[in-house]
Structure formats: C-alpha cells, structure tokens
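Asks: Would you mind keeping the following structure in view while I ask a few things?
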Amino acid sequence: MHLLPSGICLYCSVAICSFISRVDSSWWHMGALGSQVLCHNVPGLVPRQRQLCRQQPELMRVLGAGVADWLAECRHQFRAHRWDCGSGARERALLLGRLLLRSSRESAFVYSISSAGVVYTLTRACSQGELASCSCDPAKKGSSRDSKGSFDWGGCSDNIDYAIGFGQAFIDAKERKERDARALMNLHNNRAGRKAVKRFMALECKCHGVSGSCTVRTCWLAMADFRKTGDYLRKKYNGAIQVVMNQYGTGFTVAFKKFKKPTKNDLVYFENSPDYCIRDHEAGSVGTGGRLCNRTSRGVDSCEVMCCGRGYDTSRVSRMTKCECKFHWCCAVHCKDCHEVVDVHTCKAQKSSHWLDQT
Ligand SMILES: *[C@@H]1O[C@H](CO)[C@@H](O)[C@H](O)[C@H]1NC(C)=O
C-alpha cells in the first residue's frame, strides 16, 4: 500500500493515512491541502488531470477550497441519518477514500454533489473575477425577451457553461481512463450533478424608468443558492435507480423490471448499501456509536433507528440559550442569557466481538 505524501497527513492521523491508498484517492483530497494545492502533491490525479492542474493552478485552488462547501451541503442533507456524509476528520478520510471504490447509493450522491459543487464554485469564482480564464457570460449581450416582455442584458450573468465544460474535462478524466462499469456509473452521476446546478439558474432583473415604472428592465442570469441543488440531489438520492450493465457493456438497464428507466437527471447505483450501523472500513461505514439521537422522534433520527437497537446513553448537559427576548422600538431585539438543562441521547457503540479489541 502506498502512503500519501506527507502533506496530507497534517490533516488526518497517521493511522487513517494508512487506509488511503493511491487507488482510492481523487481530486477530492485537494480540499485537505488548503492553499498548498501543488499539482504533484494531490494524490490520485490521472495524467490528464495533472496536466489541467498545471495549466490552471489558480483554478485548482478554487476547487480545493470548494470541497468544504459541497461536503458541508452533503452533511446538511444527511445530518439526521445513520450515514451522515462523514463529520470528523477521521470519518472524512474514510468517506473520501472508501466511497470512491463503492457503487452504492451514497457513492452516487457524493459523486453528483461533488460534481455539482465544482460547477457552483467555479462559476461563482468566474463571476467574481477571481480567475484569468473566465468571467461573466460573454454571450449575454444586447436585448432579449421573457414572458414579461423585452429586457436588456446587463450586470454579470453567471457563465455556467464554462464551469460545466471544465468540470467535465477535469473530473470525468479519471473515469474516462478507467472505462469499467463503475466508471460508467460515476460519469452518469457526475453529469446529473452538473445538470442539477444549471436547473436552478434564474433571471434576476432590475427595473428602471420613471419612478420605478419598469418600462426598462436590465436582467442577468444567476445561479440559485447551492442549497437548492442540495435539496434536489437529495430527492434524486431517495429515488435513485438500481441498475446493471447491459449485455454489451455500453450502458445500463434497470436491475428490476418494475423500475423506471433512469433519465440523465436520475442518480444510478449498482450495489446495495450497508446499514451503516457498525464500523466497517471496507464498506465506508464508521457506525453510529456516539451519534446523537432523538428519543421522541419516530423518524430516521430516532434512537431506535439511529442506534440500530443497541440502545443509547443519556446525559444531562447545561447550555446557554437566548431567552425572554423583547422587541424594542425600533428596531432591536434584546434577549437574556439563560441556562437550560437538557438531556442528550447518544447511541451506544457496538460490542466488540473481536478478541483483539477486548483486551
Ligand atoms: C425530536 O423529534 C421531535 C418529533 O419529531 C421534534 O419535535 C423535536 O424538535 C426533535 N428534537 C430535536 C432536539 O431535534
């Protein structure tokens, strides 16, 4: 097993680094490198990716910084679930490494949201003038029409096609090299992620004219908040379609006849997920031991479901909250700091069955 270059070990313990080999590493690790993204110290880039990295080092720093954003969105979407998209540094390393090698529903989601994240991050950087290679959409010039009538293009329209093109060239390069079933699955989910961002582009306008009469409108095309993409992909995760390779190895067919055929917007996966109850490095599961659960909920965050029937510990913690808030004319709200004592419930860890762990 190859170890990562020492740089990345600053961000995770030595024990974890030994889990990440070169085979299961990817551009995702750029997030851990901070501003130190040098094209030779990102493990797991294929030659084409390394070439693009050398051509556009600034852009790579933008993508590296963006990893934290799409990871945060992934965690938000799964915060109340057994699989929570990794939270601690240890979990993150596991997540990044292992999910790459799986073809589960969770892998499908992570591929799609990371690919969407690249489009979002890059488009925003282009619009903010952070990169020499792109800027606002140059095609949005002159005048145009929408349902409310004609308008003039103005301001800065997000140049999402540039980011989609670059994302495709850079991220898909790895899968184009592998050309196996999993690569085909990743390509499909990467594209679904990119399309998801574009779906929420909307026209924003400003009115001009006598006392805001809106006789003249200036408009630009802007991306929506990334949360919208996250919510959408989360729905696509719920409805993800299990597929198998077709007999020619050129595409998918549904795994079960009653399933609908996946469209380009759907997420696809091959293998069933583990239940994520117990720690299993191979499966990319860190288990739910120590996770918070909700004793009164009947959903996936309930102690019953979250702790997989192992039971939970309850501890009493006191915390500060804002209370007795009063509104003062005008316009301020003043609150007191109050002590609040609450019970928190955390899942028991699994009982170790391995003789080595019992010593
Ligand atoms: C626990 O679940 C209940 C019922 O779904 C909900 O009303 C409550 O806000 C939840 N508590 C926490 C701390 O999330």
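Letters A, B, ... mark the chains of the structure tokens in the order given; residue numbers begin at 1 per chain; ligand numbers begin at 1, in order shown.
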Find the residues around A:Arg124 up to 10 Å (only C-alpha atoms counted), leave out those fewer than 3 positions away in its own chain, and share them as a list in words.

Replies: Val62, Val118, Val119, Tyr120, Thr121, Ser127, Gln128, Gly129, Glu130, Ser135, Cys136, Asp158, Asn159, Ile160, Ala163, Ala222 and Met223 of chain A

Asks: Tell me, which residues of stretch 247-341 of chain A carry DSSP strand (DSSP E or B), written as JSON, numbers by chain?

Replies: {"A": [252, 253, 254, 268, 269, 279, 280, 285, 286, 292, 293, 294, 302, 312, 313, 314, 315, 316, 317, 318, 319, 320, 321, 322, 323, 324, 325, 326, 327, 328, 332, 333, 334, 335, 336, 337, 338, 339, 340, 341]}

Asks: Within 8 Å of stretch 178-182 of chain A, counting only C-alpha atoms, which residues qualify if same-chain residues fewer than 5 places away don't, as a list of chain:residue names?

Replies: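 Everything that qualifies: A:Ser103, A:Met245, A:Gly249.
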
Asks: Go ahead and dump the residues you just picked, N, CA, C and O atoms, as a short mmCIF file (atom, residue, chain, number, x, y, z; two decimals), in the first residue's frame.

Replies:
data_model
loop_
_atom_site.label_atom_id
_atom_site.label_comp_id
_atom_site.auth_asym_id
_atom_site.auth_seq_id
_atom_site.Cartn_x
_atom_site.Cartn_y
_atom_site.Cartn_z
N SER A 103 -20.06 1.33 -5.18
CA SER A 103 -21.01 1.80 -6.20
C SER A 103 -22.40 1.81 -5.59
O SER A 103 -23.37 1.39 -6.20
N MET A 245 -25.28 -3.47 -15.75
CA MET A 245 -24.75 -3.19 -17.08
C MET A 245 -25.59 -3.94 -18.11
O MET A 245 -26.05 -5.05 -17.84
N GLY A 249 -22.20 -4.05 -22.40
CA GLY A 249 -21.27 -3.29 -21.57
C GLY A 249 -21.19 -1.83 -21.97
O GLY A 249 -20.22 -1.13 -21.69
#

Asks: Under the rule that only C-alpha atoms and all ligand atoms are counted, which of A:Leu221, A:Cys53, A:Leu292, A:Cys325 is the nearest residue to ligand 1?

Replies: A:Leu292

Asks: May I ask you to write as a list of chain:residue names all residues lying at most 10 Å from ligand 1, with only C-alpha atoms and all ligand atoms counted?

Replies: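 Protein and nucleic-acid residues within 10 Å of ligand 1: A:Ala80, A:Leu292, A:Cys293, A:Asn294, A:Arg295, A:Thr296, A:Ser297, A:Arg298, A:Gly299, A:Val300, A:Asp301, A:Ser302, A:Cys303, A:Val342, A:Asp343, A:Val344, A:His345.
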
Asks: Please write the residues from the selection above to a file, keeping C-alpha atoms, as a CSV table (one decimal), in the first residue's frame.

Replies:
chain,number,residue,atom,x,y,z
A,80,ALA,CA,-30.2,13.1,10.8
A,292,LEU,CA,-26.9,11.9,18.8
A,293,CYS,CA,-30.4,10.6,18.5
A,294,ASN,CA,-33.9,11.9,19.2
A,295,ARG,CA,-35.9,10.0,21.8
A,296,THR,CA,-39.2,11.4,20.8
A,297,SER,CA,-38.8,11.2,17.0
A,298,ARG,CA,-40.3,8.4,15.1
A,299,GLY,CA,-38.1,9.0,12.0
A,300,VAL,CA,-34.6,8.1,10.9
A,301,ASP,CA,-33.1,10.2,13.7
A,302,SER,CA,-35.0,8.3,16.4
A,303,CYS,CA,-32.9,6.5,18.9
A,342,VAL,CA,-31.3,19.2,28.6
A,343,ASP,CA,-31.0,15.5,28.2
A,344,VAL,CA,-28.9,14.4,25.2
A,345,HIS,CA,-29.0,10.8,24.0

Asks: Excluding same-chain residues fewer than 5 positions from stretch 226-233 of chain A, what lies within 7 Å of it counting only C-alpha atoms, as a list in words?

Replies: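 Near neighbours after the sequence-gap exclusion: Glu73, Ala196 and Val197 of chain A.
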
Asks: Rank A:Thr250, A:Ser35, A:Ser285, A:Ser315 by their smallest atom-to-atom distance to A:Thr346, using only C-alpha atoms, and report the top residue only.

Replies: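 Under the stated criterion, the closest residue is A:Ser315.
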
Asks: Contacts between stretch 236-239 of chain A and stretch 246-301 of chain A, please, where a residue of stretch 246-301 of chain A counts if it comes within 9 Å (with only C-alpha atoms); show its shortest atom pair and distance in Å to one decimal, rows by chain and ascending number, as CSV.

Replies:
residue,atom,partner,partner_atom,distance
A:Asn265,CA,A:Lys236,CA,8.0
A:Asp266,CA,A:Lys236,CA,6.0
A:Leu267,CA,A:Lys236,CA,6.1
A:Val268,CA,A:Tyr237,CA,8.7

Asks: Rank nothing, just name the residue among A:Ser150, A:His188, A:Trp70, A:Leu33 nearest to A:Thr215, using only C-alpha atoms.

Replies: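 Using only C-alpha atoms, the shortest distance to A:Thr215 belongs to A:Ser150.
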
Asks: Taking the backbone alone, and naming residues the way the document does, which bits of stretch 96-176 of chain A are alpha helix (DSSP H) by DSSP, as a compact mmCIF listing (two decimals) with all heavy atoms, in the first residue's frame?

Replies:
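Listing of out-v5.txt after writing:
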# COMPACT_ATOMS: atom_id res chain seq x y z
N LEU A 96 -13.95 9.82 1.94
CA LEU A 96 -13.34 10.16 0.67
C LEU A 96 -12.68 8.95 0.04
O LEU A 96 -12.79 8.73 -1.16
CB LEU A 96 -12.31 11.27 0.87
CG LEU A 96 -12.87 12.62 1.25
CD1 LEU A 96 -11.75 13.61 1.51
CD2 LEU A 96 -13.77 13.15 0.15
N GLY A 97 -12.02 8.17 0.87
CA GLY A 97 -11.31 7.03 0.33
C GLY A 97 -12.22 5.92 -0.11
O GLY A 97 -12.17 5.46 -1.24
N ARG A 98 -13.10 5.50 0.79
CA ARG A 98 -13.84 4.28 0.54
C ARG A 98 -14.99 4.42 -0.43
O ARG A 98 -15.26 3.53 -1.21
CB ARG A 98 -14.34 3.69 1.86
CG ARG A 98 -13.27 2.95 2.62
CD ARG A 98 -12.75 1.79 1.80
NE ARG A 98 -11.36 1.55 2.13
CZ ARG A 98 -10.58 0.72 1.46
NH1 ARG A 98 -11.03 0.06 0.43
NH2 ARG A 98 -9.34 0.55 1.82
N LEU A 99 -15.69 5.56 -0.37
CA LEU A 99 -16.85 5.69 -1.24
C LEU A 99 -16.46 5.66 -2.71
O LEU A 99 -17.24 5.27 -3.56
CB LEU A 99 -17.62 6.98 -0.93
CG LEU A 99 -18.57 6.86 0.25
CD1 LEU A 99 -19.23 8.18 0.50
CD2 LEU A 99 -19.61 5.78 0.03
N ARG A 105 -25.68 3.74 -3.41
CA ARG A 105 -26.49 4.95 -3.49
C ARG A 105 -25.75 6.16 -2.89
O ARG A 105 -25.83 7.27 -3.41
CB ARG A 105 -27.75 4.67 -2.67
CG ARG A 105 -28.92 5.53 -2.91
CD ARG A 105 -29.98 5.14 -1.92
NE ARG A 105 -30.82 4.05 -2.39
CZ ARG A 105 -32.04 4.21 -2.90
NH1 ARG A 105 -32.55 5.41 -2.98
NH2 ARG A 105 -32.74 3.18 -3.30
N GLU A 106 -25.02 5.93 -1.80
CA GLU A 106 -24.28 7.03 -1.17
C GLU A 106 -23.13 7.49 -2.05
O GLU A 106 -22.85 8.68 -2.15
CB GLU A 106 -23.76 6.62 0.21
CG GLU A 106 -24.83 6.48 1.28
CD GLU A 106 -25.68 5.23 1.08
OE1 GLU A 106 -25.15 4.20 0.63
OE2 GLU A 106 -26.91 5.29 1.34
N SER A 107 -22.46 6.53 -2.70
CA SER A 107 -21.40 6.92 -3.64
C SER A 107 -22.00 7.78 -4.74
O SER A 107 -21.43 8.80 -5.13
CB SER A 107 -20.74 5.70 -4.28
OG SER A 107 -20.42 4.73 -3.33
N ALA A 108 -23.15 7.35 -5.24
CA ALA A 108 -23.81 8.09 -6.32
C ALA A 108 -24.07 9.53 -5.88
O ALA A 108 -23.81 10.47 -6.62
CB ALA A 108 -25.13 7.41 -6.69
N PHE A 109 -24.56 9.70 -4.64
CA PHE A 109 -24.84 11.04 -4.15
C PHE A 109 -23.57 11.88 -4.04
O PHE A 109 -23.54 13.03 -4.47
CB PHE A 109 -25.55 11.00 -2.79
CG PHE A 109 -25.93 12.37 -2.31
CD1 PHE A 109 -27.07 13.00 -2.78
CD2 PHE A 109 -25.13 13.05 -1.40
CE1 PHE A 109 -27.41 14.28 -2.36
CE2 PHE A 109 -25.46 14.33 -0.97
CZ PHE A 109 -26.61 14.93 -1.45
N VAL A 110 -22.52 11.28 -3.50
CA VAL A 110 -21.29 12.05 -3.30
C VAL A 110 -20.66 12.45 -4.64
O VAL A 110 -20.20 13.58 -4.80
CB VAL A 110 -20.29 11.29 -2.41
CG1 VAL A 110 -18.97 12.05 -2.33
CG2 VAL A 110 -20.86 11.14 -1.01
N TYR A 111 -20.69 11.54 -5.60
CA TYR A 111 -20.17 11.91 -6.93
C TYR A 111 -20.99 13.06 -7.51
O TYR A 111 -20.43 14.02 -8.05
CB TYR A 111 -20.19 10.71 -7.89
CG TYR A 111 -18.92 9.88 -7.79
CD1 TYR A 111 -18.85 8.80 -6.91
CD2 TYR A 111 -17.81 10.18 -8.56
CE1 TYR A 111 -17.69 8.05 -6.81
CE2 TYR A 111 -16.65 9.43 -8.46
CZ TYR A 111 -16.59 8.37 -7.58
OH TYR A 111 -15.45 7.64 -7.48
N SER A 112 -22.31 12.98 -7.40
CA SER A 112 -23.14 14.02 -8.02
C SER A 112 -22.97 15.36 -7.30
O SER A 112 -22.85 16.40 -7.95
CB SER A 112 -24.61 13.60 -8.04
OG SER A 112 -25.17 13.61 -6.75
N ILE A 113 -22.92 15.35 -5.97
CA ILE A 113 -22.84 16.65 -5.29
C ILE A 113 -21.45 17.25 -5.41
O ILE A 113 -21.29 18.47 -5.45
CB ILE A 113 -23.32 16.58 -3.83
CG1 ILE A 113 -23.65 18.00 -3.34
CG2 ILE A 113 -22.30 15.93 -2.90
CD1 ILE A 113 -24.73 18.10 -2.34
N SER A 114 -20.42 16.41 -5.51
CA SER A 114 -19.07 16.97 -5.68
C SER A 114 -18.96 17.60 -7.07
O SER A 114 -18.36 18.67 -7.23
CB SER A 114 -18.01 15.90 -5.48
OG SER A 114 -18.13 14.86 -6.41
N SER A 115 -19.55 16.94 -8.04
CA SER A 115 -19.51 17.45 -9.40
C SER A 115 -20.33 18.74 -9.51
O SER A 115 -19.93 19.71 -10.17
CB SER A 115 -20.06 16.35 -10.30
OG SER A 115 -20.11 16.75 -11.61
N ALA A 116 -21.48 18.76 -8.82
CA ALA A 116 -22.29 19.99 -8.77
C ALA A 116 -21.51 21.09 -8.06
O ALA A 116 -21.53 22.25 -8.47
CB ALA A 116 -23.60 19.71 -8.03
N GLY A 117 -20.81 20.72 -7.00
CA GLY A 117 -20.04 21.69 -6.23
C GLY A 117 -18.97 22.36 -7.06
O GLY A 117 -18.73 23.56 -6.95
N VAL A 118 -18.33 21.58 -7.92
CA VAL A 118 -17.30 22.14 -8.79
C VAL A 118 -17.91 23.19 -9.72
O VAL A 118 -17.37 24.28 -9.89
CB VAL A 118 -16.63 21.02 -9.62
CG1 VAL A 118 -15.87 21.58 -10.81
CG2 VAL A 118 -15.70 20.21 -8.73
N VAL A 119 -19.06 22.87 -10.30
CA VAL A 119 -19.71 23.81 -11.21
C VAL A 119 -20.08 25.10 -10.46
O VAL A 119 -19.83 26.21 -10.93
CB VAL A 119 -20.98 23.18 -11.84
CG1 VAL A 119 -21.81 24.21 -12.57
CG2 VAL A 119 -20.58 22.05 -12.77
N TYR A 120 -20.63 24.92 -9.26
CA TYR A 120 -21.06 26.09 -8.48
C TYR A 120 -19.87 26.97 -8.08
O TYR A 120 -19.88 28.18 -8.30
CB TYR A 120 -21.82 25.62 -7.24
CG TYR A 120 -22.47 26.75 -6.48
CD1 TYR A 120 -23.71 27.23 -6.86
CD2 TYR A 120 -21.80 27.36 -5.42
CE1 TYR A 120 -24.29 28.28 -6.20
CE2 TYR A 120 -22.39 28.42 -4.75
CZ TYR A 120 -23.63 28.87 -5.14
OH TYR A 120 -24.20 29.92 -4.48
N THR A 121 -18.85 26.33 -7.50
CA THR A 121 -17.68 27.07 -7.02
C THR A 121 -16.97 27.82 -8.14
O THR A 121 -16.59 28.97 -8.01
CB THR A 121 -16.67 26.07 -6.41
OG1 THR A 121 -17.34 25.22 -5.49
CG2 THR A 121 -15.55 26.77 -5.70
N LEU A 122 -16.82 27.09 -9.25
CA LEU A 122 -16.09 27.65 -10.37
C LEU A 122 -16.87 28.81 -11.01
O LEU A 122 -16.30 29.86 -11.31
CB LEU A 122 -15.83 26.53 -11.39
CG LEU A 122 -14.81 26.78 -12.47
CD1 LEU A 122 -13.53 27.31 -11.86
CD2 LEU A 122 -14.54 25.47 -13.21
N THR A 123 -18.17 28.62 -11.18
CA THR A 123 -19.00 29.66 -11.78
C THR A 123 -18.95 30.93 -10.93
O THR A 123 -18.80 32.04 -11.45
CB THR A 123 -20.46 29.18 -11.90
OG1 THR A 123 -20.49 27.99 -12.67
CG2 THR A 123 -21.32 30.23 -12.58
N ARG A 124 -19.04 30.76 -9.63
CA ARG A 124 -19.01 31.91 -8.72
C ARG A 124 -17.67 32.64 -8.80
O ARG A 124 -17.61 33.86 -8.87
CB ARG A 124 -19.29 31.45 -7.29
CG ARG A 124 -19.66 32.56 -6.35
CD ARG A 124 -19.95 32.02 -4.98
NE ARG A 124 -18.91 31.06 -4.57
CZ ARG A 124 -18.98 30.31 -3.48
NH1 ARG A 124 -20.02 30.36 -2.70
NH2 ARG A 124 -17.99 29.49 -3.18
N ALA A 125 -16.58 31.85 -8.85
CA ALA A 125 -15.25 32.46 -8.95
C ALA A 125 -15.10 33.22 -10.27
O ALA A 125 -14.50 34.30 -10.30
CB ALA A 125 -14.17 31.39 -8.82
N CYS A 126 -15.67 32.68 -11.34
CA CYS A 126 -15.61 33.37 -12.64
C CYS A 126 -16.33 34.71 -12.55
O CYS A 126 -15.81 35.74 -12.98
CB CYS A 126 -16.27 32.53 -13.73
SG CYS A 126 -15.41 31.00 -14.15
N SER A 127 -17.53 34.71 -11.97
CA SER A 127 -18.32 35.94 -11.89
C SER A 127 -17.67 36.98 -10.99
O SER A 127 -17.81 38.18 -11.21
CB SER A 127 -19.72 35.64 -11.34
OG SER A 127 -20.45 34.90 -12.29
N ILE A 160 -22.16 29.60 -16.50
CA ILE A 160 -22.17 28.23 -16.00
C ILE A 160 -21.66 27.24 -17.04
O ILE A 160 -21.09 26.21 -16.68
CB ILE A 160 -23.60 27.84 -15.53
CG1 ILE A 160 -23.54 26.56 -14.68
CG2 ILE A 160 -24.56 27.70 -16.70
CD1 ILE A 160 -24.79 26.26 -13.92
N ASP A 161 -21.78 27.56 -18.32
CA ASP A 161 -21.32 26.61 -19.33
C ASP A 161 -19.81 26.42 -19.30
O ASP A 161 -19.30 25.34 -19.58
CB ASP A 161 -21.79 27.05 -20.72
CG ASP A 161 -23.30 26.87 -20.86
OD1 ASP A 161 -23.85 25.96 -20.19
OD2 ASP A 161 -23.93 27.64 -21.60
N TYR A 162 -19.10 27.48 -18.94
CA TYR A 162 -17.65 27.33 -18.81
C TYR A 162 -17.32 26.31 -17.72
O TYR A 162 -16.52 25.40 -17.90
CB TYR A 162 -17.00 28.68 -18.47
CG TYR A 162 -15.52 28.55 -18.18
CD1 TYR A 162 -14.59 28.52 -19.21
CD2 TYR A 162 -15.07 28.40 -16.86
CE1 TYR A 162 -13.24 28.36 -18.94
CE2 TYR A 162 -13.73 28.24 -16.58
CZ TYR A 162 -12.81 28.21 -17.63
OH TYR A 162 -11.48 28.03 -17.36
N ALA A 163 -18.00 26.46 -16.57
CA ALA A 163 -17.72 25.57 -15.43
C ALA A 163 -18.15 24.14 -15.74
O ALA A 163 -17.47 23.18 -15.34
CB ALA A 163 -18.44 26.08 -14.19
N ILE A 164 -19.25 23.99 -16.44
CA ILE A 164 -19.70 22.64 -16.80
C ILE A 164 -18.68 22.00 -17.73
O ILE A 164 -18.29 20.84 -17.54
CB ILE A 164 -21.11 22.70 -17.45
CG1 ILE A 164 -22.15 23.01 -16.37
CG2 ILE A 164 -21.43 21.39 -18.17
CD1 ILE A 164 -23.57 23.16 -16.88
N GLY A 165 -18.19 22.77 -18.68
CA GLY A 165 -17.18 22.25 -19.62
C GLY A 165 -15.90 21.86 -18.90
O GLY A 165 -15.35 20.79 -19.13
N PHE A 166 -15.46 22.73 -18.00
CA PHE A 166 -14.22 22.42 -17.29
C PHE A 166 -14.41 21.23 -16.36
O PHE A 166 -13.55 20.35 -16.28
CB PHE A 166 -13.70 23.63 -16.51
CG PHE A 166 -12.34 23.36 -15.92
CD1 PHE A 166 -11.19 23.63 -16.67
CD2 PHE A 166 -12.20 22.79 -14.67
CE1 PHE A 166 -9.93 23.33 -16.17
CE2 PHE A 166 -10.94 22.49 -14.16
CZ PHE A 166 -9.81 22.76 -14.91
N GLY A 167 -15.55 21.23 -15.66
CA GLY A 167 -15.83 20.13 -14.75
C GLY A 167 -15.83 18.79 -15.47
O GLY A 167 -15.26 17.81 -14.99
N GLN A 168 -16.42 18.80 -16.64
CA GLN A 168 -16.47 17.58 -17.44
C GLN A 168 -15.05 17.15 -17.85
O GLN A 168 -14.69 15.98 -17.69
CB GLN A 168 -17.30 17.88 -18.68
CG GLN A 168 -17.86 16.68 -19.36
CD GLN A 168 -18.82 17.11 -20.46
OE1 GLN A 168 -19.08 18.30 -20.66
NE2 GLN A 168 -19.33 16.14 -21.18
N ALA A 169 -14.27 18.10 -18.31
CA ALA A 169 -12.91 17.76 -18.76
C ALA A 169 -12.06 17.28 -17.59
O ALA A 169 -11.32 16.30 -17.72
CB ALA A 169 -12.27 18.99 -19.41
N PHE A 170 -12.19 17.93 -16.45
CA PHE A 170 -11.30 17.63 -15.33
C PHE A 170 -11.77 16.41 -14.53
O PHE A 170 -11.03 15.46 -14.33
CB PHE A 170 -11.18 18.86 -14.42
CG PHE A 170 -10.29 18.62 -13.24
CD1 PHE A 170 -8.90 18.55 -13.41
CD2 PHE A 170 -10.80 18.48 -11.97
CE1 PHE A 170 -8.07 18.31 -12.34
CE2 PHE A 170 -9.97 18.26 -10.88
CZ PHE A 170 -8.60 18.16 -11.07
N ILE A 171 -13.01 16.45 -14.07
CA ILE A 171 -13.47 15.39 -13.17
C ILE A 171 -13.69 14.08 -13.90
O ILE A 171 -13.32 13.02 -13.42
CB ILE A 171 -14.76 15.83 -12.46
CG1 ILE A 171 -14.44 17.05 -11.62
CG2 ILE A 171 -15.30 14.72 -11.58
CD1 ILE A 171 -15.59 17.62 -10.95
N ASP A 172 -14.27 14.17 -15.09
CA ASP A 172 -14.57 12.94 -15.82
C ASP A 172 -13.32 12.28 -16.39
O ASP A 172 -13.36 11.12 -16.79
CB ASP A 172 -15.57 13.21 -16.95
CG ASP A 172 -16.97 13.51 -16.40
OD1 ASP A 172 -17.13 13.51 -15.18
OD2 ASP A 172 -17.88 13.73 -17.22
N ALA A 173 -12.20 13.01 -16.41
CA ALA A 173 -10.97 12.46 -17.00
C ALA A 173 -10.60 11.14 -16.35
O ALA A 173 -10.15 10.20 -17.01
CB ALA A 173 -9.83 13.46 -16.86
N LYS A 174 -10.80 11.06 -15.04
CA LYS A 174 -10.44 9.84 -14.32
C LYS A 174 -11.30 8.65 -14.77
O LYS A 174 -10.78 7.57 -15.01
CB LYS A 174 -10.61 10.05 -12.82
CG LYS A 174 -10.21 8.84 -12.02
CD LYS A 174 -9.90 9.19 -10.58
CE LYS A 174 -9.28 7.99 -9.89
NZ LYS A 174 -8.58 8.37 -8.68
N GLU A 175 -12.59 8.90 -14.92
CA GLU A 175 -13.49 7.81 -15.28
C GLU A 175 -13.28 7.40 -16.74
O GLU A 175 -13.45 6.25 -17.10
CB GLU A 175 -14.95 8.22 -15.06
CG GLU A 175 -15.22 8.95 -13.77
CD GLU A 175 -14.81 8.15 -12.53
OE1 GLU A 175 -14.77 6.91 -12.62
OE2 GLU A 175 -14.53 8.78 -11.49
N ARG A 176 -12.93 8.36 -17.58
CA ARG A 176 -12.72 8.04 -18.99
C ARG A 176 -11.50 7.13 -19.14
O ARG A 176 -11.36 6.40 -20.11
CB ARG A 176 -12.53 9.31 -19.81
CG ARG A 176 -13.78 10.15 -19.84
CD ARG A 176 -13.80 11.14 -20.98
NE ARG A 176 -14.89 12.09 -20.81
CZ ARG A 176 -16.17 11.78 -21.00
NH1 ARG A 176 -16.50 10.58 -21.39
NH2 ARG A 176 -17.10 12.69 -20.79

Asks: Could you pull the residues within 6 Å of stretch 308-313 of chain A, counting only C-alpha atoms, minus those fewer than 2 positions along the same chain, as a list of chain:residue names?

Replies: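 Close residues of stretch 308-313 of chain A: A:Glu304, A:Val305, A:Met306, A:His345, A:Thr346, A:Cys347, A:Lys348.
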
Asks: For each of A:Ile241, A:Asp146, A:Ser273, A:Lys141, take the minimum atom-to-atom distance to A:Lys258, counting only C-alpha atoms, then give the residue where this is smallest.

Replies: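 Comparing A:Ile241, A:Asp146, A:Ser273, A:Lys141 against A:Lys258, the winner is A:Ile241.
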
Asks: Counting only C-alpha atoms, which residue out of A:Leu45, A:Cys335, A:Ala255, A:Cys85 sits closest to A:Asn272?

Replies: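 Ranked by minimum distance to A:Asn272, first place goes to A:Ala255.
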